[in-house]
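Student: Below you'll find target.tsv; it's TSV, C-alpha atoms and all ligand atoms.
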chain	number	residue	atom	x	y	z
A	1	MET	CA	-54.17	-50.61	24.56
A	2	LYS	CA	-57.02	-48.96	22.62
A	3	ILE	CA	-57.35	-45.26	21.80
A	4	HIS	CA	-60.17	-44.78	24.31
A	5	ASP	CA	-57.97	-46.36	27.04
A	6	ILE	CA	-55.48	-43.48	26.84
A	7	GLY	CA	-58.14	-40.77	27.05
A	8	GLY	CA	-59.35	-40.42	23.45
A	9	GLU	CA	-58.62	-38.23	20.45
A	10	PHE	CA	-56.75	-35.39	22.17
A	11	ALA	CA	-54.52	-37.71	24.21
A	12	LEU	CA	-53.72	-39.59	20.99
A	13	ILE	CA	-52.71	-36.37	19.21
A	14	ASP	CA	-50.42	-35.50	22.15
A	15	ARG	CA	-48.75	-38.90	21.87
A	16	MET	CA	-48.27	-38.56	18.11
A	17	ALA	CA	-46.80	-35.09	18.57
A	18	ARG	CA	-44.23	-36.55	20.98
A	19	GLN	CA	-43.19	-39.10	18.31
A	20	SER	CA	-42.06	-36.28	15.99
A	21	PRO	CA	-40.39	-33.69	18.21
A	22	VAL	CA	-38.68	-31.94	15.28
A	23	ILE	CA	-38.40	-28.20	15.59
A	24	HIS	CA	-37.74	-25.92	12.66
A	25	PRO	CA	-37.00	-22.18	12.75
A	26	ASP	CA	-39.82	-21.43	10.28
A	27	LEU	CA	-42.47	-23.43	12.18
A	28	VAL	CA	-44.01	-20.75	14.39
A	29	THR	CA	-46.76	-23.08	15.67
A	30	GLY	CA	-47.08	-26.76	14.77
A	31	ILE	CA	-49.41	-29.36	16.26
A	32	GLY	CA	-51.77	-27.94	18.85
A	33	ASP	CA	-53.60	-25.00	17.30
A	34	ASP	CA	-56.38	-24.65	14.72
A	35	ALA	CA	-53.81	-24.34	11.92
A	36	ALA	CA	-50.05	-24.63	11.57
A	37	VAL	CA	-48.27	-21.26	11.33
A	38	ILE	CA	-45.23	-21.15	9.07
A	39	GLY	CA	-42.86	-18.25	8.46
A	40	GLY	CA	-40.44	-17.57	5.61
A	41	TRP	CA	-42.97	-17.65	2.75
A	42	PHE	CA	-44.20	-14.13	2.18
A	43	PRO	CA	-41.82	-11.20	1.56
A	44	ASP	CA	-44.06	-8.88	3.61
A	45	GLY	CA	-43.59	-11.11	6.68
A	46	ASP	CA	-47.10	-12.60	6.70
A	47	TYR	CA	-47.30	-16.16	7.97
A	48	LEU	CA	-48.59	-19.10	5.94
A	49	LEU	CA	-51.47	-20.97	7.65
A	50	VAL	CA	-52.25	-24.63	6.91
A	51	THR	CA	-55.21	-26.58	8.23
A	52	THR	CA	-56.79	-29.89	7.32
A	53	ASP	CA	-60.14	-31.43	8.25
A	54	MET	CA	-61.82	-34.62	7.19
A	55	LEU	CA	-65.50	-35.56	6.87
A	56	VAL	CA	-66.39	-39.26	6.86
A	57	GLU	CA	-69.76	-40.60	5.74
A	58	THR	CA	-72.03	-41.70	8.62
A	59	ARG	CA	-69.67	-40.14	11.19
A	60	HIS	CA	-69.91	-36.55	9.87
A	61	PHE	CA	-72.63	-36.60	7.22
A	62	ARG	CA	-75.49	-38.73	5.98
A	63	ARG	CA	-76.66	-38.62	2.40
A	64	ASP	CA	-80.27	-39.17	3.46
A	65	TRP	CA	-80.17	-35.99	5.62
A	66	ALA	CA	-77.81	-33.72	3.70
A	67	THR	CA	-77.71	-32.89	0.01
A	68	ALA	CA	-74.39	-33.27	-1.78
A	69	ALA	CA	-74.22	-29.46	-2.03
A	70	GLN	CA	-74.68	-29.13	1.75
A	71	ILE	CA	-71.91	-31.67	2.37
A	72	GLY	CA	-69.65	-29.72	-0.01
A	73	ASN	CA	-70.40	-26.48	1.82
A	74	LYS	CA	-69.75	-28.00	5.23
A	75	SER	CA	-66.44	-29.56	4.19
A	76	VAL	CA	-65.18	-26.11	3.16
A	77	ALA	CA	-66.75	-24.16	6.05
A	78	CYS	CA	-65.15	-26.33	8.76
A	79	ASN	CA	-61.70	-25.66	7.29
A	80	VAL	CA	-62.27	-21.93	6.77
A	81	SER	CA	-63.40	-21.82	10.40
A	82	ASP	CA	-59.91	-22.95	11.50
A	83	ILE	CA	-58.22	-20.24	9.41
A	84	ALA	CA	-60.66	-17.64	10.84
A	85	ALA	CA	-59.75	-18.84	14.35
A	86	MET	CA	-56.10	-17.93	13.67
A	87	GLY	CA	-57.13	-14.40	12.63
A	88	GLY	CA	-56.24	-15.22	9.03
A	89	THR	CA	-57.59	-15.13	5.49
A	90	PRO	CA	-58.10	-18.41	3.58
A	91	THR	CA	-56.51	-18.75	0.14
A	92	PHE	CA	-55.97	-22.10	-1.65
A	93	MET	CA	-57.71	-25.43	-1.08
A	94	PHE	CA	-56.82	-29.08	-1.88
A	95	VAL	CA	-59.56	-31.73	-1.83
A	96	SER	CA	-58.85	-35.44	-1.26
A	97	LEU	CA	-61.85	-37.63	-2.02
A	98	ALA	CA	-62.39	-41.30	-1.25
A	99	LEU	CA	-65.55	-42.55	-2.96
A	100	GLU	CA	-67.41	-45.83	-3.13
A	101	ARG	CA	-67.14	-47.64	-6.44
A	102	ASP	CA	-70.80	-47.13	-7.39
A	103	THR	CA	-70.97	-43.39	-6.54
A	104	GLN	CA	-73.14	-41.38	-8.93
A	105	VAL	CA	-71.23	-38.77	-10.94
A	106	ALA	CA	-74.11	-36.33	-10.42
A	107	TRP	CA	-73.61	-36.61	-6.63
A	108	VAL	CA	-69.93	-35.68	-6.94
A	109	GLU	CA	-70.73	-32.81	-9.31
A	110	THR	CA	-73.26	-31.43	-6.84
A	111	LEU	CA	-70.76	-31.89	-4.00
A	112	TYR	CA	-68.35	-29.69	-5.97
A	113	LYS	CA	-71.09	-27.14	-6.67
A	114	GLY	CA	-71.60	-26.85	-2.91
A	115	MET	CA	-67.87	-26.49	-2.38
A	116	ALA	CA	-67.67	-23.86	-5.14
A	117	GLN	CA	-70.44	-21.81	-3.52
A	118	ALA	CA	-68.64	-21.91	-0.18
A	119	CYS	CA	-65.33	-21.06	-1.88
A	120	GLN	CA	-66.95	-18.03	-3.47
A	121	ARG	CA	-68.37	-16.89	-0.14
A	122	TYR	CA	-65.00	-17.17	1.65
A	123	GLY	CA	-62.66	-16.20	-1.22
A	124	VAL	CA	-61.07	-19.66	-1.49
A	125	VAL	CA	-59.58	-21.11	-4.69
A	126	LEU	CA	-59.56	-24.87	-5.41
A	127	ALA	CA	-55.98	-25.73	-6.41
A	128	GLY	CA	-55.78	-29.54	-6.43
A	129	GLY	CA	-56.45	-32.75	-4.57
A	130	ASP	CA	-56.51	-36.52	-4.87
A	131	THR	CA	-59.16	-39.15	-5.64
A	132	THR	CA	-59.36	-42.77	-4.60
A	133	GLN	CA	-61.84	-45.55	-3.89
A	134	ALA	CA	-62.93	-46.65	-0.42
A	135	GLU	CA	-65.74	-48.33	1.51
A	136	ALA	CA	-67.03	-45.07	3.04
A	137	ALA	CA	-67.07	-41.68	1.31
A	138	THR	CA	-64.45	-39.41	2.86
A	139	ILE	CA	-63.74	-35.78	2.07
A	140	SER	CA	-60.45	-34.46	3.37
A	141	ILE	CA	-59.66	-30.82	2.71
A	142	THR	CA	-56.38	-29.02	3.24
A	143	LEU	CA	-56.73	-25.27	3.26
A	144	LEU	CA	-54.00	-22.65	3.14
A	145	GLY	CA	-54.31	-19.13	4.43
A	146	ARG	CA	-52.21	-16.17	5.51
A	147	VAL	CA	-52.11	-13.85	8.46
A	148	SER	CA	-50.06	-10.81	9.46
A	149	PRO	CA	-48.04	-11.45	12.64
A	150	GLY	CA	-50.05	-8.72	14.43
A	151	ASN	CA	-53.36	-10.45	13.78
A	152	LEU	CA	-52.17	-13.99	14.59
A	153	ARG	CA	-54.33	-15.36	17.43
A	154	LEU	CA	-53.06	-18.50	19.14
A	155	ARG	CA	-54.78	-20.75	21.67
A	156	SER	CA	-51.80	-20.00	23.94
A	157	HIS	CA	-52.34	-16.22	24.12
A	158	ALA	CA	-54.85	-16.00	27.00
A	159	ARG	CA	-53.88	-14.26	30.24
A	160	PRO	CA	-55.65	-14.22	33.62
A	161	GLY	CA	-58.09	-11.33	33.94
A	162	GLU	CA	-59.16	-11.34	30.29
A	163	LEU	CA	-62.79	-11.82	29.31
A	164	LEU	CA	-63.89	-14.95	27.44
A	165	CYS	CA	-66.34	-14.19	24.62
A	166	VAL	CA	-68.20	-16.16	21.97
A	167	THR	CA	-69.82	-15.15	18.70
A	168	GLY	CA	-73.37	-16.19	17.79
A	169	HIS	CA	-75.38	-18.90	19.54
A	170	LEU	CA	-74.15	-22.33	20.66
A	171	GLY	CA	-75.64	-25.83	20.53
A	172	GLY	CA	-77.65	-25.35	17.32
A	173	SER	CA	-75.84	-27.96	15.27
A	174	ALA	CA	-76.09	-30.66	17.97
A	175	ALA	CA	-79.76	-29.81	18.56
A	176	GLY	CA	-80.48	-30.12	14.82
A	177	LEU	CA	-78.66	-33.46	14.73
A	178	ALA	CA	-80.61	-34.75	17.76
A	179	LEU	CA	-83.94	-33.93	16.10
A	180	LEU	CA	-82.88	-35.47	12.77
A	181	ALA	CA	-81.61	-38.62	14.54
A	182	ALA	CA	-84.90	-38.92	16.44
A	183	GLY	CA	-86.85	-38.56	13.19
A	184	LEU	CA	-88.59	-35.46	14.58
A	185	PRO	CA	-89.56	-32.36	12.56
A	186	THR	CA	-86.52	-30.09	12.52
A	187	PRO	CA	-87.07	-26.31	12.28
A	188	PRO	CA	-85.22	-24.58	9.42
A	189	TYR	CA	-82.93	-22.68	11.85
A	190	LEU	CA	-81.58	-25.91	13.37
A	191	LYS	CA	-81.48	-27.76	10.06
A	192	GLU	CA	-79.36	-24.94	8.69
A	193	LYS	CA	-77.07	-24.94	11.73
A	194	HIS	CA	-76.36	-28.64	11.34
A	195	LEU	CA	-76.49	-29.18	7.59
A	196	ALA	CA	-75.47	-25.82	6.15
A	197	PRO	CA	-73.16	-24.18	8.71
A	198	VAL	CA	-71.58	-20.80	8.12
A	199	CYS	CA	-68.28	-19.99	9.82
A	200	ARG	CA	-67.27	-16.61	11.23
A	201	LEU	CA	-64.84	-15.28	8.66
A	202	ASP	CA	-67.13	-12.23	8.67
A	203	LEU	CA	-66.22	-11.39	12.28
A	204	SER	CA	-62.69	-12.75	12.76
A	205	PRO	CA	-60.91	-9.87	10.95
A	206	LEU	CA	-62.68	-7.44	13.31
A	207	ILE	CA	-62.06	-9.50	16.45
A	208	ALA	CA	-58.45	-10.63	15.80
A	209	PRO	CA	-56.76	-7.21	16.14
A	210	VAL	CA	-58.18	-6.65	19.65
A	211	ALA	CA	-58.40	-10.23	21.01
A	212	ARG	CA	-55.69	-12.42	22.58
A	213	ALA	CA	-56.36	-16.18	22.37
A	214	MET	CA	-58.82	-17.47	19.78
A	215	ILE	CA	-60.20	-20.87	18.74
A	216	ASP	CA	-63.20	-22.01	16.73
A	217	ILE	CA	-65.95	-23.98	18.46
A	218	SER	CA	-65.95	-27.28	16.60
A	219	ASP	CA	-65.99	-29.70	19.57
A	220	GLY	CA	-68.26	-27.82	22.00
A	221	LEU	CA	-67.55	-24.85	24.27
A	222	ALA	CA	-66.17	-26.98	27.14
A	223	ALA	CA	-63.47	-28.63	25.01
A	224	GLU	CA	-62.45	-25.32	23.44
A	225	VAL	CA	-62.14	-23.50	26.79
A	226	ASN	CA	-60.01	-26.41	28.00
A	227	HIS	CA	-57.79	-26.17	24.90
A	228	ILE	CA	-57.19	-22.47	25.57
A	229	CYS	CA	-56.42	-23.20	29.25
A	230	ASP	CA	-54.08	-26.09	28.34
A	231	GLN	CA	-52.13	-24.00	25.85
A	232	SER	CA	-52.13	-20.76	27.83
A	233	GLY	CA	-51.43	-22.31	31.24
A	234	THR	CA	-54.49	-20.63	32.76
A	235	GLY	CA	-57.78	-21.48	34.42
A	236	ALA	CA	-61.21	-20.27	33.33
A	237	GLU	CA	-64.63	-19.59	34.78
A	238	ILE	CA	-67.73	-19.85	32.58
A	239	ASP	CA	-71.05	-18.36	33.71
A	240	VAL	CA	-73.74	-20.83	32.67
A	241	LYS	CA	-76.45	-18.15	32.49
A	242	GLU	CA	-74.42	-16.14	29.95
A	243	ILE	CA	-73.97	-18.96	27.41
A	244	PRO	CA	-75.99	-17.88	24.35
A	245	ILE	CA	-78.44	-20.67	23.58
A	246	HIS	CA	-81.16	-20.10	20.98
A	247	PRO	CA	-84.79	-20.80	22.02
A	248	ALA	CA	-84.99	-23.44	19.24
A	249	VAL	CA	-82.19	-25.35	21.02
A	250	HIS	CA	-84.20	-25.31	24.27
A	251	ASP	CA	-87.22	-26.68	22.36
A	252	ALA	CA	-85.14	-29.41	20.70
A	253	ALA	CA	-83.64	-30.41	24.06
A	254	ARG	CA	-87.14	-30.74	25.56
A	255	GLN	CA	-88.34	-32.85	22.64
A	256	THR	CA	-85.35	-35.21	22.66
A	257	GLY	CA	-84.87	-35.51	26.43
A	258	ASN	CA	-81.56	-33.65	26.43
A	259	ASP	CA	-80.12	-30.76	28.40
A	260	PRO	CA	-79.68	-27.66	26.20
A	261	LEU	CA	-76.48	-26.91	28.13
A	262	ASP	CA	-75.02	-30.23	26.94
A	263	PHE	CA	-75.70	-29.24	23.34
A	264	ALA	CA	-73.74	-26.01	23.87
A	265	LEU	CA	-70.92	-27.45	25.99
A	266	SER	CA	-70.36	-30.78	24.27
A	267	GLY	CA	-72.30	-30.72	21.01
A	268	GLY	CA	-69.77	-29.34	18.58
A	269	GLU	CA	-69.84	-28.16	14.98
A	270	ASP	CA	-71.14	-24.71	15.85
A	271	PHE	CA	-68.18	-23.07	14.06
A	272	GLU	CA	-68.53	-19.93	16.17
A	273	LEU	CA	-65.42	-18.30	17.69
A	274	LEU	CA	-64.29	-18.35	21.33
A	275	PHE	CA	-61.71	-15.73	22.24
A	276	SER	CA	-60.13	-14.00	25.18
A	277	ILE	CA	-59.90	-10.21	25.20
A	278	PRO	CA	-58.41	-7.70	27.65
A	279	ARG	CA	-61.24	-5.89	29.45
A	280	ASP	CA	-60.09	-2.53	28.05
A	281	ASN	CA	-60.38	-3.82	24.48
A	282	LYS	CA	-63.99	-5.05	24.73
A	283	PRO	CA	-65.45	-1.53	24.13
A	284	LEU	CA	-63.45	-1.40	20.87
A	285	LEU	CA	-65.55	-4.32	19.59
A	286	ASP	CA	-68.75	-2.61	20.71
A	287	GLU	CA	-67.69	0.57	18.87
A	288	LYS	CA	-67.20	-1.47	15.67
A	289	GLY	CA	-70.70	-2.92	16.09
A	290	VAL	CA	-69.32	-6.45	16.61
A	291	SER	CA	-71.86	-8.20	18.78
A	292	VAL	CA	-70.38	-10.97	20.95
A	293	THR	CA	-71.33	-12.50	24.31
A	294	VAL	CA	-69.08	-12.42	27.38
A	295	VAL	CA	-69.42	-15.95	28.80
A	296	GLY	CA	-66.73	-15.82	31.47
A	297	ARG	CA	-63.16	-14.93	32.23
A	298	VAL	CA	-59.63	-16.30	32.19
A	299	THR	CA	-58.29	-17.08	35.67
A	300	GLU	CA	-55.05	-18.30	37.22
A	301	ALA	CA	-54.29	-21.98	36.54
A	302	THR	CA	-54.61	-22.73	40.25
A	303	SER	CA	-58.32	-21.73	40.13
A	304	GLY	CA	-59.03	-24.60	37.70
A	305	ARG	CA	-61.66	-24.65	34.95
A	306	VAL	CA	-65.05	-23.99	36.41
A	307	LEU	CA	-68.64	-23.90	35.23
A	308	SER	CA	-70.54	-21.57	37.53
A	309	PHE	CA	-74.35	-21.79	37.92
A	310	PRO	CA	-76.65	-18.95	39.05
A	311	THR	CA	-77.54	-21.04	42.13
A	312	GLY	CA	-73.92	-20.86	43.28
A	313	LYS	CA	-73.23	-24.44	42.22
A	314	ARG	CA	-69.80	-24.88	40.65
A	315	LEU	CA	-68.77	-27.82	38.46
A	316	ALA	CA	-65.53	-28.79	36.75
A	317	LEU	CA	-65.68	-27.76	33.11
A	318	SER	CA	-65.33	-31.11	31.38
A	319	GLY	CA	-66.84	-32.58	28.26
A	320	GLY	CA	-66.55	-31.74	24.61
A	321	TYR	CA	-66.88	-33.94	21.60
A	322	ASP	CA	-64.18	-36.59	21.34
A	323	HIS	CA	-64.15	-38.90	18.34
A	324	PHE	CA	-62.97	-41.88	20.41
A	325	SER	CA	-64.95	-41.47	23.63
B	1	LIG	P1	-59.51	-28.60	15.01
B	1	LIG	O1	-60.67	-29.17	15.78
B	1	LIG	O2	-59.28	-27.14	15.25
B	1	LIG	O3	-59.53	-28.96	13.54
B	1	LIG	P2	-58.03	-30.83	15.93
B	1	LIG	O4	-58.57	-31.12	17.29
B	1	LIG	O5	-58.49	-31.64	14.77
B	1	LIG	O6	-58.21	-29.29	15.62
B	1	LIG	O7	-56.44	-30.93	15.97
B	1	LIG	C1	-55.72	-30.28	16.99
B	1	LIG	C2	-54.25	-30.22	16.57
B	1	LIG	O8	-53.74	-31.54	16.39
B	1	LIG	C3	-54.01	-29.50	15.25
B	1	LIG	O9	-52.81	-28.76	15.38
B	1	LIG	C4	-53.85	-30.62	14.26
B	1	LIG	O10	-53.02	-30.25	13.18
B	1	LIG	C5	-53.18	-31.69	15.10
B	1	LIG	N1	-53.49	-33.07	14.62
B	1	LIG	C6	-54.71	-33.68	14.59
B	1	LIG	N2	-54.62	-34.93	14.11
B	1	LIG	C7	-53.31	-35.13	13.82
B	1	LIG	C8	-52.55	-36.20	13.28
B	1	LIG	N3	-53.16	-37.34	12.93
B	1	LIG	N4	-51.19	-36.05	13.12
B	1	LIG	C9	-50.60	-34.89	13.47
B	1	LIG	N5	-51.25	-33.83	13.98
B	1	LIG	C10	-52.58	-33.93	14.16
B	2	MG	MG	-60.47	-25.59	15.18
Show how you would write the structure in this file as structure tokens.
Ligand code: ADP
Ligand code: MG
Tutor:
Amino acid sequence: MKIHDIGGEFALIDRMARQSPVIHPDLVTGIGDDAAVIGGWFPDGDYLLVTTDMLVETRHFRRDWATAAQIGNKSVACNVSDIAAMGGTPTFMFVSLALERDTQVAWVETLYKGMAQACQRYGVVLAGGDTTQAEAATISITLLGRVSPGNLRLRSHARPGELLCVTGHLGGSAAGLALLAAGLPTPPYLKEKHLAPVCRLDLSPLIAPVARAMIDISDGLAAEVNHICDQSGTGAEIDVKEIPIHPAVHDAARQTGNDPLDFALSGGEDFELLFSIPRDNKPLLDEKGVSVTVVGRVTEATSGRVLSFPTGKRLALSGGYDHFS
């Protein structure tokens, strides 16, 4: 049986989790959220957060499209994004590098310059790592963080009746990638979204205290809504017309023969935040000047996960980027 036979990446992770059903009193949340949440470390009661994300050459980056500095930035940003999704603050970072034998030293130095710039932006400190040789360059980062119990936002916290909101615009990274892959001119906005992403550590400390469930959008909106529903035991309804899609994404979709909605729902690597929030708390975000878009609402599990179109058409909310599909 192959990985795609059992349903892909997420089904595989479920299976692996069942192989190690160990519970520990300090493990608040293990496999299944954006980061592990571990108690018993900080005297003030804060939780330790641990996340890890890997970038593999060709699969996640191409040296002919991205500079080494951009790859360094992205490898840090995608990890910080997971800490932001928990409502936390990133702290220390460990970098494991697998490099081809003939890799230029200057390339690695520039990679680290890019990482250092991102670390400075997000307040992260490089504290160690590992280096080895391999056939494809691979950058695997483990990032620690901390969060106060009151600000901890889990994928499992959504309740029916809450609003579902997103930060920023969606689909930009996938649209940029589609133009680059087609060899078409790529506007700076989309190039930036794909090659030099910025995650939402600027907004998460403002959102976390008033939100309920939160997740970062790394695999497309559809997959992330489904993760929240899976973990919270709820349904969800997403209003297609409310999904914030930048005009440049519409242009890119036209040029590459794609549907802009697919970029937003299944594209991935947007590194925006999706969260649920009680209706009464939404004005608190507005008062703080935090601009987010309400894209739908959390419903009872029996209502399913639905994508609702202005025409009245309703589709099952499926899709999302899966590394083994
Ligand atoms: P994200 O997209 O937020 O980085 P992932 O989809 O990569 O999250 O992972 C979802 C959950 O599965 C996380 O809790 C992660 O720690 C866990 N996970 C992923 N791969 C593995 C693995 N190989 N072994 C154990 N846990 C894993
Ligand atoms: Mg995540």
Student: Just want the residues within 12 Å of ligand MG 2 (chain B), written as JSON, numbers by chain, counting only C-alpha atoms and all ligand atoms.
Tutor: {"A": [31, 32, 33, 34, 35, 36, 50, 51, 52, 53, 77, 78, 79, 80, 81, 82, 83, 84, 85, 86, 87, 154, 155, 199, 200, 214, 215, 216, 217, 218, 219, 220, 221, 223, 224, 225, 227, 228, 268, 269, 270, 271, 272, 273, 274]}
Student: Taking into account only C-alpha atoms, which residue in the set A:Leu164, A:Leu261, A:Val290, A:Leu99 is nearest to A:Pro247?
Tutor: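 Looking only at the distances to A:Pro247, the closest residue turns out to be A:Leu261.
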Student: Have a look at A:Gly45, A:Pro188, A:Gly72, A:Gly172 and name the one nearest to A:Ala264; count all atoms listed in the file.
Tutor: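 Checking each of A:Gly45, A:Pro188, A:Gly72, A:Gly172 against A:Ala264, counting all atoms listed in the file, the winner is A:Gly172.
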Student: What is the distance between atom CA of A:Gly88 and atom CA of A:Gly296, in Å to one decimal?
Tutor: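 We find that atom CA of A:Gly88 and atom CA of A:Gly296 lie 24.8 Å from each other.
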Student: I need the residue nearest ligand LIG 1 (chain B) from this list: A:Ala252, A:Ile38, A:Ile6, A:Met16. Use only C-alpha atoms and all ligand atoms for the distance.
Tutor: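 Under the stated criterion, the closest residue is A:Met16.
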Student: I'd like the box whose edges run along x, y and z of the file and which contains every listed atom of stretch 192-203 of chain A, padded by 6 Å per side; could you state its centre and edge lengths in Å, one decimal, as lines of an AutoDock Vina configuration file?
Tutor:
center_x = -72.1
center_y = -20.3
center_z = 9.2
size_x = 26.5
size_y = 29.8
size_z = 18.1
Student: Give me, please, the distance in Å between atom CA of A:Arg101 and atom CA of A:Thr132, quoted to one decimal.
Tutor: 9.4 Å
Student: Enter the distance from atom CA of A:Val294 to atom CA of A:Thr167, in Å, rounded to one decimal.
Tutor: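 Interatomic distance, atom CA of A:Val294 to atom CA of A:Thr167: 9.1 Å.
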Student: My list of candidates is A:Phe94, A:Tyr122, A:Phe10, A:Phe275. Which is closest to ligand LIG 1 (chain B) when distances are computed with only C-alpha atoms and all ligand atoms?
Tutor: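 Result for the nearest residue to ligand LIG 1 (chain B): A:Phe10.
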Student: Given the choices A:Gly40, A:Gly8, A:Gly30, A:Pro187, which gets closest to ligand LIG 1 (chain B) if the distance is worked out from only C-alpha atoms and all ligand atoms?
Tutor: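 Of the candidates, the smallest distance to ligand LIG 1 (chain B) is held by A:Gly30.
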Student: For ligand LIG 1 (chain B), which residue out of A:Gln70, A:Arg212, A:Asn226, A:Lys2 is the nearest one, using all atoms listed in the file?
Tutor: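 So, comparing all the options, the nearest one is A:Asn226.
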Student: Which residues come within 9 Å of A:Leu184, counting all atoms listed in the file, excluding same-chain residues fewer than 3 positions away, as a ChimeraX atom specification?
Tutor: /A:178-181,255-256
Student: Please list as a PDB file with C-alpha atoms, in the frame of the given file every residue within 9 Å of A:Leu195, counting only C-alpha atoms and excluding residues in the same chain fewer than 5 positions away.
Tutor:
ATOM      1  CA  PHE A  61     -72.630 -36.600   7.220  1.00  0.00           C
ATOM      2  CA  TRP A  65     -80.170 -35.990   5.620  1.00  0.00           C
ATOM      3  CA  ALA A  66     -77.810 -33.720   3.700  1.00  0.00           C
ATOM      4  CA  THR A  67     -77.710 -32.890   0.010  1.00  0.00           C
ATOM      5  CA  GLN A  70     -74.680 -29.130   1.750  1.00  0.00           C
ATOM      6  CA  ILE A  71     -71.910 -31.670   2.370  1.00  0.00           C
ATOM      7  CA  ASN A  73     -70.400 -26.480   1.820  1.00  0.00           C
ATOM      8  CA  LYS A  74     -69.750 -28.000   5.230  1.00  0.00           C
ATOM      9  CA  SER A 173     -75.840 -27.960  15.270  1.00  0.00           C
ATOM     10  CA  GLY A 176     -80.480 -30.120  14.820  1.00  0.00           C
ATOM     11  CA  LEU A 177     -78.660 -33.460  14.730  1.00  0.00           C
ATOM     12  CA  LEU A 190     -81.580 -25.910  13.370  1.00  0.00           C
TER      13      LEU A 190
END
Student: Taking a cut-off of 9 Å and counting all atoms listed in the file, can you build a table that, for each residue of stretch 227-246 of chain A near stretch 303-308 of chain A, reports the nearest atom pair and how far apart they are in Å (one decimal), sorted by chain then residue number, as JSON lines?
Tutor:
{"residue": "A:Cys229", "atom": "CA", "partner": "A:Arg305", "partner_atom": "CA", "distance": 7.9}
{"residue": "A:Thr234", "atom": "CA", "partner": "A:Gly304", "partner_atom": "CA", "distance": 7.8}
{"residue": "A:Gly235", "atom": "CA", "partner": "A:Gly304", "partner_atom": "CA", "distance": 4.7}
{"residue": "A:Ala236", "atom": "CA", "partner": "A:Arg305", "partner_atom": "CA", "distance": 4.7}
{"residue": "A:Glu237", "atom": "CA", "partner": "A:Val306", "partner_atom": "CA", "distance": 4.7}
{"residue": "A:Ile238", "atom": "CA", "partner": "A:Leu307", "partner_atom": "CA", "distance": 4.9}
{"residue": "A:Asp239", "atom": "CA", "partner": "A:Ser308", "partner_atom": "CA", "distance": 5.0}
{"residue": "A:Val240", "atom": "CA", "partner": "A:Ser308", "partner_atom": "CA", "distance": 5.9}
{"residue": "A:Lys241", "atom": "CA", "partner": "A:Ser308", "partner_atom": "CA", "distance": 8.5}
Student: For C-alpha atoms, I'd like the residues from the last selection saved as a short mmCIF file (atom, residue, chain, number, x, y, z; two decimals), keeping the file's coordinate frame.
Tutor:
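Saved as part-v3.cif:
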data_model
loop_
_atom_site.label_atom_id
_atom_site.label_comp_id
_atom_site.auth_asym_id
_atom_site.auth_seq_id
_atom_site.Cartn_x
_atom_site.Cartn_y
_atom_site.Cartn_z
CA CYS A 229 -56.42 -23.20 29.25
CA THR A 234 -54.49 -20.63 32.76
CA GLY A 235 -57.78 -21.48 34.42
CA ALA A 236 -61.21 -20.27 33.33
CA GLU A 237 -64.63 -19.59 34.78
CA ILE A 238 -67.73 -19.85 32.58
CA ASP A 239 -71.05 -18.36 33.71
CA VAL A 240 -73.74 -20.83 32.67
CA LYS A 241 -76.45 -18.15 32.49
#
